[in-house]
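Here is the file coords_2.cif (mmCIF, C-alpha atoms).
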```cif
data_entry
#
loop_
_atom_site.group_PDB
_atom_site.id
_atom_site.type_symbol
_atom_site.label_atom_id
_atom_site.label_comp_id
_atom_site.auth_asym_id
_atom_site.auth_seq_id
_atom_site.Cartn_x
_atom_site.Cartn_y
_atom_site.Cartn_z
ATOM 1 C CA MET A 1 -12.103 -16.305 -6.329
ATOM 2 C CA PRO A 2 -12.803 -19.976 -5.624
ATOM 3 C CA LYS A 3 -13.843 -22.104 -8.593
ATOM 4 C CA SER A 4 -16.566 -23.689 -6.473
ATOM 5 C CA GLN A 5 -18.408 -20.368 -6.177
ATOM 6 C CA PHE A 6 -20.909 -20.049 -9.023
ATOM 7 C CA ILE A 7 -21.255 -16.622 -10.585
ATOM 8 C CA ASN A 8 -24.198 -16.339 -12.942
ATOM 9 C CA PRO A 9 -23.136 -14.183 -15.922
ATOM 10 C CA LYS A 10 -26.752 -13.101 -16.498
ATOM 11 C CA ASP A 11 -26.823 -11.583 -13.010
ATOM 12 C CA ILE A 12 -23.454 -9.865 -13.002
ATOM 13 C CA ARG A 13 -23.801 -8.406 -16.510
ATOM 14 C CA LYS A 14 -27.131 -6.677 -15.927
ATOM 15 C CA PRO A 15 -27.057 -2.948 -16.687
ATOM 16 C CA GLY A 16 -26.796 -0.794 -13.620
ATOM 17 C CA PHE A 17 -24.890 1.952 -11.862
ATOM 18 C CA ILE A 18 -22.209 2.348 -9.248
ATOM 19 C CA HIS A 19 -22.637 5.512 -7.206
ATOM 20 C CA PHE A 20 -19.850 7.184 -5.271
ATOM 21 C CA ASP A 21 -19.723 10.029 -2.842
ATOM 22 C CA ASP A 22 -17.171 12.724 -3.546
ATOM 23 C CA ILE A 23 -13.618 11.525 -2.979
ATOM 24 C CA PRO A 24 -11.365 14.220 -1.482
ATOM 25 C CA VAL A 25 -8.191 14.852 -3.473
ATOM 26 C CA HIS A 26 -5.172 16.891 -2.318
ATOM 27 C CA GLN A 27 -6.992 18.058 0.813
ATOM 28 C CA TYR A 28 -4.087 17.880 3.274
ATOM 29 C CA SER A 29 -2.852 21.372 4.073
ATOM 30 C CA LEU A 30 -1.345 21.349 7.579
ATOM 31 C CA SER A 31 2.211 22.536 8.131
ATOM 32 C CA ILE A 32 4.794 20.796 10.304
ATOM 33 C CA GLU A 33 4.137 23.411 12.976
ATOM 34 C CA ASP A 34 0.406 22.601 12.870
ATOM 35 C CA GLU A 35 1.174 18.887 13.224
ATOM 36 C CA LYS A 36 3.442 19.550 16.214
ATOM 37 C CA LYS A 37 0.449 21.110 17.987
ATOM 38 C CA ILE A 38 -1.627 17.961 17.383
ATOM 39 C CA TYR A 39 0.927 15.188 18.040
ATOM 40 C CA THR A 40 3.666 14.721 20.593
ATOM 41 C CA GLU A 41 7.294 14.349 19.544
ATOM 42 C CA LYS A 42 7.102 10.685 20.529
ATOM 43 C CA GLU A 43 4.064 10.141 18.269
ATOM 44 C CA LEU A 44 5.740 11.876 15.326
ATOM 45 C CA LEU A 45 8.855 9.737 15.779
ATOM 46 C CA GLN A 46 6.634 6.630 15.807
ATOM 47 C CA VAL A 47 5.055 7.733 12.507
ATOM 48 C CA PHE A 48 8.539 8.216 11.035
ATOM 49 C CA ARG A 49 9.603 4.790 12.335
ATOM 50 C CA ASP A 50 6.557 3.139 10.749
ATOM 51 C CA MET A 51 7.225 4.890 7.437
ATOM 52 C CA ALA A 52 10.876 3.784 7.492
ATOM 53 C CA ILE A 53 9.884 0.160 8.167
ATOM 54 C CA ILE A 54 7.367 0.207 5.308
ATOM 55 C CA ARG A 55 9.947 1.723 2.940
ATOM 56 C CA GLU A 56 12.552 -0.887 3.887
ATOM 57 C CA PHE A 57 10.032 -3.676 3.296
ATOM 58 C CA GLU A 58 9.213 -2.236 -0.134
ATOM 59 C CA THR A 59 12.951 -2.034 -0.858
ATOM 60 C CA LEU A 60 13.336 -5.671 0.208
ATOM 61 C CA LEU A 61 10.586 -6.763 -2.191
ATOM 62 C CA ASN A 62 12.073 -4.778 -5.064
ATOM 63 C CA GLU A 63 15.598 -6.112 -4.476
ATOM 64 C CA ILE A 64 14.333 -9.702 -4.394
ATOM 65 C CA LYS A 65 12.222 -9.140 -7.503
ATOM 66 C CA THR A 66 14.942 -7.431 -9.549
ATOM 67 C CA LYS A 67 18.192 -8.910 -8.189
ATOM 68 C CA SER A 68 17.155 -12.100 -6.323
ATOM 69 C CA VAL A 69 19.176 -10.917 -3.315
ATOM 70 C CA TYR A 70 18.606 -8.692 -0.285
ATOM 71 C CA ASN A 71 21.394 -7.658 2.105
ATOM 72 C CA GLY A 72 23.593 -10.466 0.842
ATOM 73 C CA VAL A 73 20.916 -13.163 1.200
ATOM 74 C CA GLU A 74 20.040 -14.798 -2.108
ATOM 75 C CA TYR A 75 16.422 -15.718 -2.715
ATOM 76 C CA ASN A 76 14.757 -17.021 -5.856
ATOM 77 C CA ASN A 77 11.279 -15.563 -6.170
ATOM 78 C CA PRO A 78 9.555 -17.071 -9.235
ATOM 79 C CA GLY A 79 6.242 -15.373 -8.440
ATOM 80 C CA PRO A 80 5.058 -11.790 -8.534
ATOM 81 C CA ALA A 81 6.042 -9.181 -5.982
ATOM 82 C CA HIS A 82 3.544 -6.329 -6.120
ATOM 83 C CA LEU A 83 4.975 -3.032 -4.971
ATOM 84 C CA SER A 84 3.603 0.332 -4.025
ATOM 85 C CA LEU A 85 6.428 2.702 -3.212
ATOM 86 C CA GLY A 86 5.469 5.788 -1.344
#
```
Would you encode the structure as structure tokens?
Amino acid sequence: MPKSQFINPKDIRKPGFIHFDDIPVHQYSLSIEDEKKIYTEKELLQVFRDMAIIREFETLLNEIKTKSVYNGVEYNNPGPAHLSLG
């Protein structure tokens, strides 16, 4: 948050509520066969490709953070590297 933006503590610390609608949890229940009826083979391969790219990027960040090298290329990262594997 920029330092030039004034936040009045009296305003932000007033009692109040935050209301949420229900958040679905563990709702996915389709099988691979069900998915094949919805998506083409090309679309499913594109999803797999995207997932593989994301995983490799997460691996890259972790390797740089923990070993300061990725695929033989050394890199000094003094800052944080936030990861979310999955």
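Interatomic distance, atom CA of Asp21 of chain A to atom CA of Glu35 of chain A: 27.8 Å.
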| task | Check the smallest atom-to-atom distance from each of A:Thr40, A:Ser29, A:Gln46, A:Asn76 to Ile64 of chain A using all atoms listed in the file, then report the winner. | result |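 Smallest distance to Ile64 of chain A is found for A:Asn76.
Of note, atom CA of Gln27 of chain A and atom CA of Tyr39 of chain A are spaced 19.2 Å apart.
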| query | What does the distance between atom CA of Gly72 of chain A and atom CA of Thr59 of chain A come to in Å, to one decimal place? | reply | 13.7 Å
| task | Report as a PyMOL selection string the residues that result from applying the PyMOL selection byres ((chain A and resi 77) around 7) to the structure here. | result | chain A and resi 64-65+68+75-76+78-79
